[in-house]
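Asker: Mind having a look at this structure? Questions to follow.
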Amino acid sequence: MKPDLRVLDGNPRRPDAGPGLSAHILRLVKSAPERRAIASGQVDAVIDPATGKAFLLPAAQQALREDGASVRGLLALASDWRWEQDESHRFVSHTGAASGSSGVFDESIIGKTLRDPPFDTMSEADWRAHQRLLEWRAAFRDLELGCTDRAGGMRSVSISGEPVFDAQDRFKGYRGTMRDITLRKQSEALAQKPLRLACDTLDALAVQLCVLDSAGNVILANKPAGAFAAGSRGIGAVVPVGDNYLAACDKARGSERKDGVAIAAGVRQVIAGDSPLFRHEYVCNSPAGRCQYSLTVTAYPGDGAARVVVSRENVTERKRAERIPGNVTGHKVAEGGPIANSLLAALPAKDYQGLLAGFELVTLTYGEVLFEPGEPIRHVYFPNDSLVSLLTTIEGHEALEVGLVGREGMIGISLVLGMDVSSVRALVQGAGTAMRMNAARFRRQFRKSLPLQGELYRYAHAMLVQARQTAACNRFHEVQGRLARWLLMTHDRARSDQFLLTQKFLADMLGVRRAGVTKAAGSLQQRKLISYSRGKIRMLDRQGLEAASCGCYEAVKSHQ
């Protein structure tokens, strides 16, 4: 039988390599062609058919030794230690330039597992996950552990390993490498210090803060926000991390619905870039009882992604202090002060004094909804420097403006006509203050004061004219003339040459698409009648704007 001269591609059996190899080969290799093949380097090993043993030729032995040295060199460069474990995952050997020098891998490690000292930072959950990999005989990569060196100091190591099997595919244990990553972990900890300081600072604030992504999901919240979210429900709660803030506001029901709709609308405007800021004050239930909160939404000045920061502050005590009589910043209206609202200013002093005790001074915030269609009217408002749009809503369509109320009028005029339920949505589109009175008290004062009845009946007629004229204007006049008319009406009531009117809001007011507002506003800006940038409108030429307006502006103004 001829010897097998096949080149060995694998290493199923450990080949014999030692003294007497040449004699074995000479005994097995007889023919000249076989010897020439060996001499030319075409054969790496010879297999004895009788015993099945493989004999490496000298050149192959040298190559094997060089490959082994190369592998060991690369392992030494890539790791600090090389190790082996038995079938029970106990260390049986360790080598490496760092062995013993750090007190991590010395003789004391032999016979121990990764679960034993000096390794002491693997949690129970991490250990169970690692055990599953070992049970599956799977390789593991970059397992990071903490350990204690001989000096008692903490060090960090990264361990990688792979299973070892014998020729009969029996599991023999693990072998692998380990790296000392203490310096890297220390550097990472130093880099995290400023971030931890910032987080600790946010957690120490009394204000509840959360950050929303472009979809309205809460991606970060400080501790006060998280604690409040855990103990509250509805829009009174700061939504937990991972939940959608807008969805929570949209789902608000009952007495919270008005505030939920206003907050959701304000957040969406800031996310879309239609408004740089949104503020809203409302009352809700909390673990501490019925409290008043001030909410602010601002754009997040980060990496360009659409994010917003929502902050909420409990202002119950501050508002309570403001209501103390004689307080300069109180909500009670001081006697003898100037009367900003035109309707109230037109009353005789005696009638105005009769109303004064029932008024409180309130701040109306941009985007706040005072009441919705079908809701009972609980308060009436006489704006001082605020501006409120009256909107009619039709199912399946955007709301359309049918009236605008400023310092010349009153919000809640339906009570004057004997109706205690609102037929429109009252939306604050210009922040400012207003005189507010409870609806029941207002009815009593209205019945007692003939001058008040006369003024409010005339105002109700003016609002009816405004609604009729607005409906006709939206039907027959071009967008540019309608926009000029609306800006003039806003200017009359805002007492300022500059006001905030977003593109979406203007589109809703005029019943057109945003593109129509963009084109009309661009035309007025080109004519240098207004300046318009990011929702801020400044009046540049009022006379020119009056000339550009349709005739509806003068028709409505003549009835005020």
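Labels for the structure tokens follow display order: chains A, B, ..., residues from 1 in each chain, ligands from 1.
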Mind running region 114-143 of chain A against region 156-161 of chain A at 7 Å and telling me each contacting residue's nearest atom pair with the distance in Å (one decimal), counting only C-alpha atoms, chain and number ascending, as a tab-separated table?

Answerer:
```
residue	atom	partner	partner_atom	distance
A:Ala139	CA	A:Gly161	CA	5.7
A:Phe140	CA	A:Gly161	CA	5.5
A:Arg141	CA	A:Ser160	CA	4.4
A:Asp142	CA	A:Ser158	CA	5.1
A:Leu143	CA	A:Ile159	CA	5.0
```

Asker: What does the file look like for those residues with N, CA and C atoms, as a short mmCIF file (atom, residue, chain, number, x, y, z; two decimals), in the first residue's frame?

Answerer:
```cif
data_model
loop_
_atom_site.label_atom_id
_atom_site.label_comp_id
_atom_site.auth_asym_id
_atom_site.auth_seq_id
_atom_site.Cartn_x
_atom_site.Cartn_y
_atom_site.Cartn_z
N ALA A 139 -19.48 31.99 21.51
CA ALA A 139 -18.39 32.93 21.76
C ALA A 139 -18.96 34.22 22.35
N PHE A 140 -18.16 34.92 23.12
CA PHE A 140 -18.59 36.21 23.65
C PHE A 140 -17.49 37.23 23.39
N ARG A 141 -17.90 38.49 23.23
CA ARG A 141 -16.97 39.55 22.85
C ARG A 141 -17.12 40.75 23.79
N ASP A 142 -16.00 41.27 24.21
CA ASP A 142 -15.92 42.54 24.94
C ASP A 142 -16.86 42.60 26.13
N LEU A 143 -16.81 41.57 26.96
CA LEU A 143 -17.54 41.57 28.22
C LEU A 143 -16.76 42.45 29.21
#
```

Asker: Among region 339-406 of chain A, which ones does DSSP assign to strand (DSSP E) (computed from the backbone)? Answer as a list in words.

Answerer: Glu360, Leu361, Val362, Thr363, Leu364, Val369, Leu370, Phe371, His379, Val380, Tyr381, Phe382, Pro383, Leu387, Val388, Ser389, Leu390, Leu391, Thr392, Leu400, Glu401, Val402, Gly403, Leu404 and Val405 of chain A

Asker: When distances are computed from only C-alpha atoms, which of A:Arg493, A:Lys519, A:Arg115, A:Arg179 shows the smallest separation from Leu387 (chain A)?

Answerer: A:Arg493

Asker: Rounded to one decimal, what separation in Å do you get between CA of Val310 (chain A) and CA of Tyr381 (chain A)?

Answerer: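 A separation of 27.9 Å between them.
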
Asker: Tell me which protein, DNA and RNA residues are within 9 Å of region 443-445 of chain A, counting only C-alpha atoms, leaving out same-chain ones fewer than 5 positions away, and put them as a list in words.

Answerer: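 Contacts, in chain order: Asp351, Gly354, Leu355, Leu415, Val416, Asn438 and Leu452 of chain A.
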
Asker: In Å, how far is it from CA of Ala247 (chain A) to CA of Thr298 (chain A)?

Answerer: 18.8 Å

Asker: Could you work out how far CA of Ala484 (chain A) lies from CA of Ala521 (chain A), giving the answer in Å with one decimal?

Answerer: 8.8 Å

Asker: Pick from A:Arg170, A:Cys284, A:Gly273, A:Leu343: nearest to Thr316 (chain A), with only C-alpha atoms counted?

Answerer: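 Of all the options, A:Cys284 lies closest to Thr316 (chain A).
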
Asker: Find the residues near Thr470 (chain A): any atom within 12 Å, counting only C-alpha atoms, skip ones fewer than 2 places away on the same chain, and give them as a ChimeraX atom specification.

Answerer: /A:390-391,400-404,463-468,472-477,482-483,485-486,489,509-511,550-553,555-556

Asker: Ser423 (chain A): which residues within 12 Å, counting only C-alpha atoms, same-chain residues fewer than 3 positions away excluded, as a list in words?

Answerer: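 Non-adjacent residues within range: Phe371, Glu372, Pro373, Gly374, Glu375, Pro376, Ile377, Leu390, Leu391, Thr392, Thr393, Ile394, Val402, Ile411, Gly412, Ile413, Ser414, Leu415, Met419, Asp420 and Ala426 of chain A.
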
Asker: Could you list, as an mmCIF file with N, CA and C atoms, in the first residue's frame, every residue within 7 Å of Gln208 (chain A), counting only C-alpha atoms and ignoring same-chain residues fewer than 3 positions away?

Answerer:
```cif
data_model
loop_
_atom_site.group_PDB
_atom_site.id
_atom_site.type_symbol
_atom_site.label_atom_id
_atom_site.label_comp_id
_atom_site.auth_asym_id
_atom_site.auth_seq_id
_atom_site.Cartn_x
_atom_site.Cartn_y
_atom_site.Cartn_z
ATOM 1 N N ASN A 222 -36.856 65.894 33.668
ATOM 2 C CA ASN A 222 -36.124 65.969 34.934
ATOM 3 C C ASN A 222 -36.927 65.280 36.036
ATOM 4 N N PRO A 224 -38.413 66.308 38.912
ATOM 5 C CA PRO A 224 -39.729 66.837 39.296
ATOM 6 C C PRO A 224 -40.819 66.483 38.296
ATOM 7 N N ALA A 225 -40.469 66.478 36.999
ATOM 8 C CA ALA A 225 -41.454 66.115 35.981
ATOM 9 C C ALA A 225 -41.831 64.651 36.106
ATOM 10 N N SER A 311 -41.817 73.490 29.891
ATOM 11 C CA SER A 311 -41.597 73.703 31.324
ATOM 12 C C SER A 311 -42.912 74.077 31.992
ATOM 13 N N ARG A 312 -43.120 73.540 33.176
ATOM 14 C CA ARG A 312 -44.332 73.818 33.946
ATOM 15 C C ARG A 312 -43.938 74.235 35.342
ATOM 16 N N GLU A 313 -44.574 75.280 35.833
ATOM 17 C CA GLU A 313 -44.272 75.789 37.167
ATOM 18 C C GLU A 313 -45.563 75.940 37.949
#
```

Asker: Could you tell me which of A:Thr148, A:Ser93, A:Ser123, A:Gln269 comes closest to Ile109 (chain A) if we count only C-alpha atoms?

Answerer: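 Among A:Thr148, A:Ser93, A:Ser123, A:Gln269, it is A:Ser93 that comes nearest to Ile109 (chain A).
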
Asker: Pick out the closest residue to Gly454 (chain A) from this set: A:Ala346, A:Arg175, A:Val428, A:Pro49. Count only C-alpha atoms.

Answerer: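 The shortest atom-to-atom distance to Gly454 (chain A) comes from A:Ala346.
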